[in-house]
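**Student:** Data: my_file29.pdb, PDB, C-alpha atoms and all ligand atoms.
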ATOM      1  CA  MET A   1       0.000   0.000   0.000
ATOM      2  CA  ASN A   2       1.321   3.432  -0.808
ATOM      3  CA  ILE A   3       0.793   6.752   0.912
ATOM      4  CA  PHE A   4      -2.070   7.547  -1.490
ATOM      5  CA  GLN A   5      -3.866   4.337  -0.589
ATOM      6  CA  LEU A   6      -3.215   4.904   3.087
ATOM      7  CA  ALA A   7      -4.580   8.400   2.780
ATOM      8  CA  SER A   8      -7.592   6.981   0.944
ATOM      9  CA  SER A   9      -8.189   4.455   3.686
ATOM     10  CA  LEU A  10      -8.256   7.390   6.092
ATOM     11  CA  HIS A  11     -10.572   9.335   3.846
ATOM     12  CA  TYR A  12     -13.589   8.949   6.032
ATOM     13  CA  LEU A  13     -11.745  10.641   8.857
ATOM     14  CA  VAL A  14     -11.093  13.871   7.051
ATOM     15  CA  GLU A  15     -13.638  16.001   5.358
ATOM     16  CA  GLY A  16     -12.657  17.409   1.985
ATOM     17  CA  PHE A  17      -9.668  15.083   1.435
ATOM     18  CA  SER A  18      -8.774  14.496  -2.173
ATOM     19  CA  PRO A  19      -6.942  11.252  -2.998
ATOM     20  CA  ALA A  20      -5.338  13.105  -5.911
ATOM     21  CA  ALA A  21      -2.798  14.532  -3.465
ATOM     22  CA  ILE A  22      -1.053  13.311  -0.363
ATOM     23  CA  ALA A  23      -1.956  16.641   1.137
ATOM     24  CA  LEU A  24      -4.624  16.027   3.689
ATOM     25  CA  ASN A  25      -6.693  18.778   5.210
ATOM     26  CA  SER A  26      -4.070  20.247   7.472
ATOM     27  CA  THR A  27      -6.676  22.219   9.369
ATOM     28  CA  ALA A  28      -8.337  18.993  10.492
ATOM     29  CA  GLU A  29      -7.545  18.669  14.153
ATOM     30  CA  SER A  30      -6.398  15.049  13.933
ATOM     31  CA  PHE A  31      -3.653  15.969  11.428
ATOM     32  CA  SER A  32      -2.493  19.228  12.964
ATOM     33  CA  THR A  33       0.292  17.520  14.928
ATOM     34  CA  ILE A  34       2.483  14.568  14.040
ATOM     35  CA  TYR A  35       1.255  12.747  17.138
ATOM     36  CA  GLY A  36      -2.362  13.420  16.150
ATOM     37  CA  THR A  37      -1.651  12.035  12.672
ATOM     38  CA  LEU A  38      -0.018   8.934  14.110
ATOM     39  CA  LYS A  39      -2.953   8.485  16.492
ATOM     40  CA  THR A  40      -5.436   8.827  13.643
ATOM     41  CA  ILE A  41      -3.612   6.189  11.584
ATOM     42  CA  SER A  42      -3.391   3.880  14.600
ATOM     43  CA  GLU A  43      -7.093   4.235  15.325
ATOM     44  CA  THR A  44      -8.108   3.591  11.752
ATOM     45  CA  ASP A  45     -10.695   0.979  10.777
ATOM     46  CA  PRO A  46      -9.321  -2.418  12.014
ATOM     47  CA  THR A  47     -10.411  -4.069   8.775
ATOM     48  CA  SER A  48      -8.386  -1.676   6.590
ATOM     49  CA  ALA A  49      -4.873  -2.276   5.269
ATOM     50  CA  ALA A  50      -3.550   0.580   7.405
ATOM     51  CA  SER A  51      -4.290  -1.372  10.582
ATOM     52  CA  ALA A  52      -1.720  -4.039   9.589
ATOM     53  CA  LEU A  53       1.154  -1.552   9.644
ATOM     54  CA  SER A  54       3.848  -1.699  12.314
ATOM     55  CA  LEU A  55       4.409   1.285  14.596
ATOM     56  CA  VAL A  56       7.485   2.371  12.589
ATOM     57  CA  GLU A  57       5.525   2.141   9.333
ATOM     58  CA  ARG A  58       2.692   4.187  10.854
ATOM     59  CA  ALA A  59       5.178   6.786  12.101
ATOM     60  CA  TRP A  60       6.735   6.905   8.608
ATOM     61  CA  ALA A  61       3.308   7.385   6.963
ATOM     62  CA  ALA A  62       2.302   9.938   9.618
ATOM     63  CA  TRP A  63       5.456  11.957   8.872
ATOM     64  CA  TYR A  64       4.708  12.172   5.152
ATOM     65  CA  ILE A  65       0.982  12.862   5.637
ATOM     66  CA  TRP A  66       1.615  15.463   8.323
ATOM     67  CA  MET A  67       4.389  17.203   6.350
ATOM     68  CA  ASN A  68       2.072  17.408   3.337
ATOM     69  CA  ASN A  69       5.088  18.017   1.088
ATOM     70  CA  ASP A  70       7.261  15.068   0.043
ATOM     71  CA  VAL A  71      10.316  17.100  -0.955
ATOM     72  CA  LEU A  72      10.357  18.861   2.392
ATOM     73  CA  ALA A  73       9.524  15.636   4.251
ATOM     74  CA  THR A  74      12.437  13.695   2.705
ATOM     75  CA  GLY A  75      14.839  16.641   2.960
ATOM     76  CA  LEU A  76      14.044  17.310   6.620
ATOM     77  CA  LEU A  77      14.051  13.588   7.417
ATOM     78  CA  PHE A  78      17.582  13.227   6.036
ATOM     79  CA  PHE A  79      18.892  16.421   7.580
ATOM     80  CA  LEU A  80      17.429  15.740  11.038
ATOM     81  CA  THR A  81      18.435  12.058  10.955
ATOM     82  CA  HIS A  82      22.002  13.042  10.056
ATOM     83  CA  GLU A  83      22.296  15.706  12.755
ATOM     84  CA  LEU A  84      20.537  13.756  15.523
ATOM     85  CA  MET A  85      22.263  10.445  14.823
ATOM     86  CA  TYR A  86      25.737  11.918  14.293
ATOM     87  CA  PHE A  87      25.817  14.202  17.315
ATOM     88  CA  GLY A  88      23.688  11.787  19.343
ATOM     89  CA  ARG A  89      26.259   9.053  18.715
ATOM     90  CA  CYS A  90      29.161  11.425  19.517
ATOM     91  CA  LEU A  91      27.697  12.440  22.893
ATOM     92  CA  PRO A  92      28.377   9.127  24.757
ATOM     93  CA  TRP A  93      32.005   9.208  23.538
ATOM     94  CA  TYR A  94      32.345  12.800  24.773
ATOM     95  CA  ILE A  95      30.999  11.738  28.193
ATOM     96  CA  ILE A  96      33.273   8.664  28.296
ATOM     97  CA  ASP A  97      36.273  10.948  27.621
ATOM     98  CA  HIS A  98      35.425  12.714  30.902
ATOM     99  CA  ILE A  99      35.219   9.542  33.016
ATOM    100  CA  PRO A 100      38.679   8.266  34.114
ATOM    101  CA  TYR A 101      37.277   4.730  34.651
ATOM    102  CA  PHE A 102      37.221   4.233  30.860
ATOM    103  CA  ARG A 103      40.908   5.198  30.353
ATOM    104  CA  LYS A 104      41.976   1.540  30.535
ATOM    105  CA  TRP A 105      40.227   0.971  27.196
ATOM    106  CA  LYS A 106      41.544   4.118  25.485
ATOM    107  CA  ILE A 107      43.772   3.072  22.583
ATOM    108  CA  GLN A 108      46.105   6.052  23.067
ATOM    109  CA  PRO A 109      45.558   6.546  26.843
ATOM    110  CA  ASN A 110      47.766   9.610  27.152
ATOM    111  CA  LYS A 111      45.885  11.520  24.516
ATOM    112  CA  ILE A 112      42.524  12.564  25.939
ATOM    113  CA  PRO A 113      40.948  15.216  23.691
ATOM    114  CA  LEU A 114      40.593  18.624  25.302
ATOM    115  CA  ASP A 115      37.181  20.308  25.526
ATOM    116  CA  LYS A 116      38.578  23.202  23.481
ATOM    117  CA  GLU A 117      39.639  20.800  20.694
ATOM    118  CA  GLN A 118      36.241  19.107  20.668
ATOM    119  CA  TRP A 119      34.418  22.451  20.615
ATOM    120  CA  GLU A 120      36.494  23.679  17.638
ATOM    121  CA  CYS A 121      35.828  20.398  15.850
ATOM    122  CA  PHE A 122      32.091  20.597  16.638
ATOM    123  CA  LYS A 123      31.824  24.098  15.129
ATOM    124  CA  ALA A 124      33.712  23.060  11.982
ATOM    125  CA  VAL A 125      31.541  19.947  11.485
ATOM    126  CA  ILE A 126      28.281  21.929  11.887
ATOM    127  CA  LYS A 127      29.547  24.485   9.354
ATOM    128  CA  SER A 128      30.496  21.717   6.929
ATOM    129  CA  HIS A 129      27.096  20.017   7.325
ATOM    130  CA  LEU A 130      25.271  23.241   6.508
ATOM    131  CA  LEU A 131      27.502  24.227   3.611
ATOM    132  CA  VAL A 132      28.325  20.932   1.936
ATOM    133  CA  GLU A 133      25.467  18.649   2.730
ATOM    134  CA  ALA A 134      22.375  20.851   3.015
ATOM    135  CA  LEU A 135      21.803  21.344  -0.715
ATOM    136  CA  PRO A 136      22.159  17.664  -1.811
ATOM    137  CA  ILE A 137      19.833  16.691   1.038
ATOM    138  CA  TRP A 138      17.129  19.064  -0.249
ATOM    139  CA  LEU A 139      17.492  17.790  -3.802
ATOM    140  CA  PHE A 140      17.278  14.164  -2.738
ATOM    141  CA  HIS A 141      13.527  13.617  -3.001
ATOM    142  CA  PRO A 142      13.240  14.584  -6.691
ATOM    143  CA  LEU A 143      16.137  12.193  -7.350
ATOM    144  CA  CYS A 144      14.373   9.424  -5.381
ATOM    145  CA  ALA A 145      11.186  10.012  -7.389
ATOM    146  CA  THR A 146      13.127   9.794 -10.675
ATOM    147  CA  LEU A 147      14.928   6.599  -9.656
ATOM    148  CA  GLY A 148      11.839   4.915  -8.230
ATOM    149  CA  ILE A 149      13.097   4.808  -4.634
ATOM    150  CA  SER A 150       9.923   3.975  -2.737
ATOM    151  CA  ILE A 151       8.370   5.858   0.192
ATOM    152  CA  ASP A 152       5.358   3.515   0.341
ATOM    153  CA  VAL A 153       4.138   1.519   3.303
ATOM    154  CA  PRO A 154       4.492  -1.263   4.290
ATOM    155  CA  PHE A 155       8.277  -1.474   4.105
ATOM    156  CA  PRO A 156      10.029  -4.296   2.197
ATOM    157  CA  ALA A 157      10.739  -7.598   3.983
ATOM    158  CA  LEU A 158      13.480  -7.469   6.621
ATOM    159  CA  LYS A 159      15.723  -9.889   4.686
ATOM    160  CA  VAL A 160      15.539  -7.659   1.578
ATOM    161  CA  MET A 161      16.565  -4.616   3.623
ATOM    162  CA  ALA A 162      19.372  -6.576   5.339
ATOM    163  CA  ALA A 163      20.742  -7.864   1.999
ATOM    164  CA  GLN A 164      20.714  -4.382   0.437
ATOM    165  CA  ILE A 165      22.410  -2.844   3.499
ATOM    166  CA  ALA A 166      25.071  -5.600   3.519
ATOM    167  CA  LEU A 167      25.755  -4.901  -0.165
ATOM    168  CA  PHE A 168      26.092  -1.157   0.513
ATOM    169  CA  PHE A 169      28.531  -1.869   3.374
ATOM    170  CA  VAL A 170      30.806  -3.917   1.079
ATOM    171  CA  LEU A 171      30.637  -1.445  -1.836
ATOM    172  CA  GLU A 172      31.238   1.567   0.414
ATOM    173  CA  ASP A 173      34.207  -0.151   2.058
ATOM    174  CA  ASN A 174      35.813  -0.787  -1.352
ATOM    175  CA  TRP A 175      35.203   2.759  -2.534
ATOM    176  CA  HIS A 176      36.492   4.157   0.762
ATOM    177  CA  TYR A 177      39.651   2.030   0.601
ATOM    178  CA  TRP A 178      40.730   3.244  -2.847
ATOM    179  CA  ALA A 179      39.594   6.866  -2.480
ATOM    180  CA  HIS A 180      41.218   7.118   0.958
ATOM    181  CA  ARG A 181      44.441   5.548  -0.333
ATOM    182  CA  LEU A 182      44.462   8.101  -3.152
ATOM    183  CA  PHE A 183      43.977  10.896  -0.605
ATOM    184  CA  HIS A 184      47.270   9.839   0.964
ATOM    185  CA  TYR A 185      49.081  10.576  -2.288
ATOM    186  CA  GLY A 186      51.280  13.752  -2.126
ATOM    187  CA  PRO A 187      49.216  16.719  -3.381
ATOM    188  CA  PHE A 188      45.861  15.164  -2.455
ATOM    189  CA  TYR A 189      47.087  14.663   1.087
ATOM    190  CA  LYS A 190      48.622  18.111   1.361
ATOM    191  CA  HIS A 191      45.650  20.059   0.014
ATOM    192  CA  ILE A 192      42.675  17.902   1.050
ATOM    193  CA  HIS A 193      43.118  14.968   3.430
ATOM    194  CA  LYS A 194      45.578  16.644   5.823
ATOM    195  CA  GLN A 195      42.651  18.422   7.493
ATOM    196  CA  HIS A 196      41.142  15.104   8.639
ATOM    197  CA  HIS A 197      44.524  14.044  10.069
ATOM    198  CA  LYS A 198      44.705  17.061  12.380
ATOM    199  CA  TYR A 199      43.898  14.680  15.258
ATOM    200  CA  ALA A 200      46.506  11.910  15.604
ATOM    201  CA  ALA A 201      44.403  10.519  18.454
ATOM    202  CA  PRO A 202      40.867  10.750  17.058
ATOM    203  CA  PHE A 203      37.582  11.203  18.942
ATOM    204  CA  GLY A 204      33.994  10.603  17.772
ATOM    205  CA  LEU A 205      33.307  14.149  16.584
ATOM    206  CA  ALA A 206      36.364  14.038  14.291
ATOM    207  CA  ALA A 207      34.686  11.456  12.013
ATOM    208  CA  GLU A 208      33.284  14.120   9.701
ATOM    209  CA  TYR A 209      35.968  16.735  10.287
ATOM    210  CA  ALA A 210      37.294  16.908   6.741
ATOM    211  CA  HIS A 211      37.819  19.095   3.693
ATOM    212  CA  PRO A 212      34.604  19.630   1.630
ATOM    213  CA  ILE A 213      36.138  17.756  -1.350
ATOM    214  CA  GLU A 214      36.844  14.790   0.918
ATOM    215  CA  VAL A 215      33.324  14.915   2.420
ATOM    216  CA  MET A 216      31.819  14.808  -1.067
ATOM    217  CA  SER A 217      34.099  12.174  -2.584
ATOM    218  CA  LEU A 218      34.048   9.773   0.377
ATOM    219  CA  GLY A 219      30.328  10.546   0.804
ATOM    220  CA  PHE A 220      29.781   9.118  -2.673
ATOM    221  CA  GLY A 221      30.528   5.694  -1.227
ATOM    222  CA  THR A 222      27.588   6.078   1.154
ATOM    223  CA  VAL A 223      24.985   7.711  -1.106
ATOM    224  CA  GLY A 224      26.267   6.990  -4.630
ATOM    225  CA  PHE A 225      25.988   3.182  -4.565
ATOM    226  CA  PRO A 226      22.333   3.161  -3.411
ATOM    227  CA  ILE A 227      21.614   5.643  -6.235
ATOM    228  CA  ILE A 228      23.355   3.346  -8.765
ATOM    229  CA  TYR A 229      21.471   0.369  -7.302
ATOM    230  CA  ALA A 230      18.125   2.188  -7.657
ATOM    231  CA  TYR A 231      19.053   3.187 -11.213
ATOM    232  CA  CYS A 232      19.743  -0.476 -12.042
ATOM    233  CA  THR A 233      16.412  -1.631 -10.580
ATOM    234  CA  LYS A 234      14.608   0.796 -12.879
ATOM    235  CA  GLN A 235      16.811   0.541 -15.974
ATOM    236  CA  TYR A 236      17.327  -3.229 -15.956
ATOM    237  CA  PRO A 237      14.065  -4.852 -14.753
ATOM    238  CA  GLN A 238      15.339  -8.179 -16.128
ATOM    239  CA  LEU A 239      17.779  -8.271 -13.174
ATOM    240  CA  ASN A 240      14.797  -8.628 -10.838
ATOM    241  CA  LEU A 241      16.476  -6.526  -8.159
ATOM    242  CA  PRO A 242      14.162  -5.696  -5.262
ATOM    243  CA  VAL A 243      13.164  -2.019  -5.249
ATOM    244  CA  LEU A 244      15.082   0.194  -2.847
ATOM    245  CA  HIS A 245      12.998   1.820  -0.127
ATOM    246  CA  LEU A 246      13.859   5.198   1.374
ATOM    247  CA  PHE A 247      13.554   3.679   4.851
ATOM    248  CA  THR A 248      16.263   1.100   3.945
ATOM    249  CA  LEU A 249      18.446   3.942   2.736
ATOM    250  CA  THR A 250      17.848   5.858   5.983
ATOM    251  CA  VAL A 251      18.779   2.816   8.102
ATOM    252  CA  TRP A 252      21.926   2.275   5.982
ATOM    253  CA  ILE A 253      23.017   5.907   6.431
ATOM    254  CA  VAL A 254      22.435   5.725  10.197
ATOM    255  CA  LEU A 255      24.505   2.512  10.463
ATOM    256  CA  ARG A 256      27.278   4.031   8.354
ATOM    257  CA  LEU A 257      27.269   7.151  10.579
ATOM    258  CA  PHE A 258      27.540   4.969  13.692
ATOM    259  CA  GLN A 259      30.403   3.038  12.079
ATOM    260  CA  ALA A 260      32.254   6.277  11.228
ATOM    261  CA  VAL A 261      31.780   7.849  14.688
ATOM    262  CA  ASP A 262      32.658   4.636  16.550
ATOM    263  CA  SER A 263      35.786   4.029  14.466
ATOM    264  CA  HIS A 264      37.022   7.491  15.557
ATOM    265  CA  SER A 265      36.019   7.008  19.207
ATOM    266  CA  GLY A 266      39.524   6.043  20.338
ATOM    267  CA  TYR A 267      38.242   3.193  22.545
ATOM    268  CA  GLU A 268      38.742  -0.531  22.173
ATOM    269  CA  PHE A 269      36.551  -2.621  24.519
ATOM    270  CA  PRO A 270      36.610  -6.375  25.154
ATOM    271  CA  TRP A 271      33.029  -6.355  23.792
ATOM    272  CA  SER A 272      33.900  -4.378  20.625
ATOM    273  CA  LEU A 273      32.304  -5.907  17.535
ATOM    274  CA  HIS A 274      35.518  -7.033  15.814
ATOM    275  CA  HIS A 275      36.253  -9.491  18.668
ATOM    276  CA  PHE A 276      33.103 -11.380  17.592
ATOM    277  CA  PHE A 277      33.216 -10.556  13.880
ATOM    278  CA  PRO A 278      36.944 -10.494  12.970
ATOM    279  CA  LEU A 279      36.348  -8.919   9.553
ATOM    280  CA  TRP A 280      34.920  -5.800  11.202
ATOM    281  CA  ALA A 281      37.425  -2.935  11.335
ATOM    282  CA  GLY A 282      36.333  -1.085  14.481
ATOM    283  CA  ALA A 283      38.080   1.686  16.385
ATOM    284  CA  GLU A 284      41.500   0.052  16.773
ATOM    285  CA  HIS A 285      41.879  -0.275  12.988
ATOM    286  CA  HIS A 286      41.174   3.388  12.260
ATOM    287  CA  ASP A 287      42.906   4.713  15.388
ATOM    288  CA  ASP A 288      46.116   3.122  14.088
ATOM    289  CA  HIS A 289      45.570   4.908  10.770
ATOM    290  CA  HIS A 290      45.432   8.270  12.566
ATOM    291  CA  HIS A 291      48.327   7.316  14.839
ATOM    292  CA  PHE A 292      50.737   6.139  12.110
ATOM    293  CA  PHE A 293      49.349   8.314   9.251
ATOM    294  CA  ILE A 294      49.623   5.374   6.873
ATOM    295  CA  GLY A 295      47.875   2.056   6.178
ATOM    296  CA  ASN A 296      44.405   0.819   7.269
ATOM    297  CA  TYR A 297      42.590   2.714   4.530
ATOM    298  CA  ALA A 298      39.314   0.761   4.587
ATOM    299  CA  SER A 299      36.297   1.944   6.575
ATOM    300  CA  SER A 300      34.169  -0.984   7.777
ATOM    301  CA  PHE A 301      36.186  -4.176   7.178
ATOM    302  CA  ARG A 302      39.762  -5.407   7.634
ATOM    303  CA  TYR A 303      40.109  -7.756   4.681
ATOM    304  CA  LEU A 304      41.178  -5.232   1.995
ATOM    305  CA  ASP A 305      44.105  -3.870   4.014
ATOM    306  CA  TYR A 306      45.099  -7.447   4.887
ATOM    307  CA  LEU A 307      44.905  -8.728   1.282
ATOM    308  CA  LEU A 308      46.545  -5.674  -0.260
ATOM    309  CA  GLY A 309      49.342  -5.486   2.339
ATOM    310  CA  THR A 310      48.446  -2.052   3.701
ATOM    311  CA  GLU A 311      47.803  -2.856   7.342
ATOM    312  CA  SER A 312      49.104  -0.183   9.645
ATOM    313  CA  GLY A 313      50.998  -0.421  12.922
ATOM    314  CA  ILE A 314      54.221  -2.014  14.125
ATOM    315  CA  PRO A 315      53.145  -5.728  14.176
ATOM    316  CA  ALA A 316      51.868  -5.513  10.576
ATOM    317  CA  ASN A 317      55.106  -3.828   9.556
ATOM    318  CA  ILE A 318      57.201  -6.602  11.133
ATOM    319  CA  VAL A 319      55.175  -9.267   9.276
ATOM    320  CA  ARG A 320      55.502  -7.308   6.016
ATOM    321  CA  GLU A 321      59.288  -6.964   6.400
ATOM    322  CA  ARG A 322      59.628 -10.660   7.254
ATOM    323  CA  LYS A 323      57.677 -11.635   4.137
ATOM    324  CA  MET A 324      59.812  -9.345   1.970
ATOM    325  CA  ARG A 325      62.984 -10.815   3.455
ATOM    326  CA  GLN A 326      61.766 -14.388   2.842
ATOM    327  CA  LYS A 327      60.885 -13.458  -0.717
ATOM    328  CA  ALA A 328      64.304 -11.902  -1.313
ATOM    329  CA  GLU A 329      66.132 -14.923   0.206
ATOM    330  CA  ALA A 330      64.108 -17.343  -1.927
ATOM    331  CA  LYS A 331      65.349 -15.696  -5.142
TER     332      LYS A 331
HETATM  333 ZN    ZN B   1      43.822   9.085   6.094
HETATM  334 ZN    ZN B   2      39.625   9.223  10.278
END
Any chance you could put this one into structure tokens?
Ligand SMILES: [Zn+2]
Ligand SMILES: [Zn+2]
**Tutor:**
Amino acid sequence: MNIFQLASSLHYLVEGFSPAAIALNSTAESFSTIYGTLKTISETDPTSAASALSLVERAWAAWYIWMNNDVLATGLLFFLTHELMYFGRCLPWYIIDHIPYFRKWKIQPNKIPLDKEQWECFKAVIKSHLLVEALPIWLFHPLCATLGISIDVPFPALKVMAAQIALFFVLEDNWHYWAHRLFHYGPFYKHIHKQHHKYAAPFGLAAEYAHPIEVMSLGFGTVGFPIIYAYCTKQYPQLNLPVLHLFTLTVWIVLRLFQAVDSHSGYEFPWSLHHFFPLWAGAEHHDDHHHFFIGNYASSFRYLDYLLGTESGIPANIVRERKMRQKAEAK
């Protein structure tokens, strides 16, 4: 069921509603607040399709119906999700930095970021978000409409969403590896990537502290592949690719944000994900990149740096030198 159908199923609740537009009568009391809209959807006729929606699906539909403007709804959704999730995820790391108990898990324990440093970084990241990312966010809905990225309810099956997100993780990691490696090449490093390496001992907020060119080119790995995927679903129907939903894309971006913030956190816990899932990069992997300025170019996984011999840190260097020596002796 799409938003139109949902709105139609709610038709009896609102006088003067035209199914020709998502716009419902915004003066109707039940749709004047987002909570009222959600309540109205939840209290809809139990025999209608709308009653089978989950709470998240109802909230999603309520957002679009209440906003009454899809471009604004998608734009604001992306902007608010980015800001809330990024800074919301940074906050626990900021608090942990102020609690000495956690020092035993700090990867570089003598380098606790100063409040002044974090404040400067915070201001720069906010500025970058507004300047670099605001416009693409506002143009995103027309692009979604062109590519057939769905905003309908119900959402796709969980396994479809999980498979698409897993694919985006792998593609982004590959893009990130090569683009990041290129950014460590002479002039690119000097004029672009050096800004991100200001902090040799990173902290959560530093994840998106970067030159605008870097934000855009590495950001392609996060947003560009879903766009290409959606293009393929529309252009090549014979591939039978499941349609991409905007909710899936939102979940993917949130997970990628969490990955980026956590990898800059500077903390390695016994319960960190890579202890259970060894392919996962985690904070230690990226902390070493900031510490040694070289190697560990991938974002989410460890396998590319391992396979391509670019692991950073002293132990990896010893192994690399030993292999080179063995190779030379074998000749
Ligand atoms: Zn780097
Ligand atoms: Zn970094």
**Student:** Please give me, as a list in words, the residues lying within 7 Å of ligand ZN 2 (chain B) when counting only C-alpha atoms and all ligand atoms.
**Tutor:**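 The residues within 7 Å of ligand ZN 2 (chain B), counting only C-alpha atoms and all ligand atoms, are His196, His197, Ala207, His264, His286 and His290 of chain A.
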**Student:** Please write out the residues within 7 Å of ligand ZN 1 (chain B) as a PyMOL selection string, counting only C-alpha atoms and all ligand atoms.
**Tutor:** chain A and resi 180+183-184+193+197+289-290+293-294+297
**Student:** Tell me which residues the PyMOL selection byres (((chain A and resi 224) around 12) and not hetatm) grabs here, as a ChimeraX atom specification.
**Tutor:** /A:136,140,143,168,171-172,175-176,216-223,225-231,249,253
**Student:** Go ahead and dump the residues you just picked, C-alpha atoms, as a CSV table (one decimal), in the frame of the given file.
**Tutor:**
chain,number,residue,atom,x,y,z
A,136,PRO,CA,22.2,17.7,-1.8
A,140,PHE,CA,17.3,14.2,-2.7
A,143,LEU,CA,16.1,12.2,-7.4
A,168,PHE,CA,26.1,-1.2,0.5
A,171,LEU,CA,30.6,-1.4,-1.8
A,172,GLU,CA,31.2,1.6,0.4
A,175,TRP,CA,35.2,2.8,-2.5
A,176,HIS,CA,36.5,4.2,0.8
A,216,MET,CA,31.8,14.8,-1.1
A,217,SER,CA,34.1,12.2,-2.6
A,218,LEU,CA,34.0,9.8,0.4
A,219,GLY,CA,30.3,10.5,0.8
A,220,PHE,CA,29.8,9.1,-2.7
A,221,GLY,CA,30.5,5.7,-1.2
A,222,THR,CA,27.6,6.1,1.2
A,223,VAL,CA,25.0,7.7,-1.1
A,225,PHE,CA,26.0,3.2,-4.6
A,226,PRO,CA,22.3,3.2,-3.4
A,227,ILE,CA,21.6,5.6,-6.2
A,228,ILE,CA,23.4,3.3,-8.8
A,229,TYR,CA,21.5,0.4,-7.3
A,230,ALA,CA,18.1,2.2,-7.7
A,231,TYR,CA,19.1,3.2,-11.2
A,249,LEU,CA,18.4,3.9,2.7
A,253,ILE,CA,23.0,5.9,6.4
**Student:** Got a sec: who's within 10 Å of A:Ile137, counting all atoms listed in the file, leaving out chain neighbours fewer than 6 positions off, as a ChimeraX atom specification?
**Tutor:** /A:71-72,74-79,82
**Student:** Any chance you could work out the residue set of the PyMOL selection byres (((chain A and resi 241) around 10) and not hetatm) here, as a PyMOL selection string?
**Tutor:** chain A and resi 160+164+229-230+232-234+236-240+242-244
**Student:** Rank nothing, just name the residue among A:Pro315, A:Glu268, A:Trp252, A:Glu43 nearest to A:Trp105, using all atoms listed in the file.
**Tutor:**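 Selected residue with least distance to A:Trp105: A:Glu268.
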**Student:** Residue by residue, what does the PyMOL selection byres (((chain A and resi 86) around 9) and not hetatm) grab here? Present the result as a PDB file with C-alpha atoms, in the frame of the given file.
**Tutor:**
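Produced file expr-v6.pdb, reproduced below:
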ATOM      1  CA  THR A  81      18.435  12.058  10.955  1.00  0.00           C
ATOM      2  CA  HIS A  82      22.002  13.042  10.056  1.00  0.00           C
ATOM      3  CA  GLU A  83      22.296  15.706  12.755  1.00  0.00           C
ATOM      4  CA  LEU A  84      20.537  13.756  15.523  1.00  0.00           C
ATOM      5  CA  MET A  85      22.263  10.445  14.823  1.00  0.00           C
ATOM      6  CA  PHE A  87      25.817  14.202  17.315  1.00  0.00           C
ATOM      7  CA  GLY A  88      23.688  11.787  19.343  1.00  0.00           C
ATOM      8  CA  ARG A  89      26.259   9.053  18.715  1.00  0.00           C
ATOM      9  CA  CYS A  90      29.161  11.425  19.517  1.00  0.00           C
ATOM     10  CA  LEU A  91      27.697  12.440  22.893  1.00  0.00           C
ATOM     11  CA  LEU A 205      33.307  14.149  16.584  1.00  0.00           C
ATOM     12  CA  VAL A 254      22.435   5.725  10.197  1.00  0.00           C
ATOM     13  CA  LEU A 257      27.269   7.151  10.579  1.00  0.00           C
ATOM     14  CA  PHE A 258      27.540   4.969  13.692  1.00  0.00           C
ATOM     15  CA  VAL A 261      31.780   7.849  14.688  1.00  0.00           C
TER      16      VAL A 261
END
**Student:** What is the atom CA of A:Gln195-atom CA of A:Ala260 distance in Å, reported with one decimal?
**Tutor:** 16.4 Å
**Student:** Report, in Å with one decimal, the straight-line distance from atom CA of A:Leu139 to atom CA of A:Ala62.
**Tutor:** 21.7 Å
**Student:** So what do you get for atom CA of A:Phe247 versus atom CA of A:His211, distance-wise?
**Tutor:**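 Result for atom CA of A:Phe247 versus atom CA of A:His211: 28.8 Å, one decimal.
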**Student:** Considering all atoms listed in the file, can you say which of A:Ala283, A:Ile314, A:Ala298, A:Ala206 comes closest to A:Ile126?
**Tutor:**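 Residue with the minimum atom-to-atom distance to A:Ile126: A:Ala206.
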**Student:** Kindly indicate which residue among A:Tyr177, A:Glu329, A:Leu80, A:Phe276 lies nearest to A:Asn296, using all atoms listed in the file for the distances.
**Tutor:**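 The answer is A:Tyr177, which sits nearest to A:Asn296.
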**Student:** Go through A:Ala162, A:Val132, A:Ser54, A:Asp152 and flag the residue nearest A:Val251, using all atoms listed in the file for the distances.
**Tutor:**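 Using all atoms listed in the file, A:Val251 sits closest to A:Ala162.
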**Student:** For A:Ile96, which residue among A:Gln259, A:Gln235, A:Thr37, A:Ser265 is the nearest when counting only C-alpha atoms?
**Tutor:**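 Counting only C-alpha atoms, the residue closest to A:Ile96 is A:Ser265.
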**Student:** Given the choices A:Arg58, A:Lys104, A:Lys323, A:His98, which gets closest to A:Tyr267 if the distance is worked out from only C-alpha atoms?
**Tutor:** A:Lys104
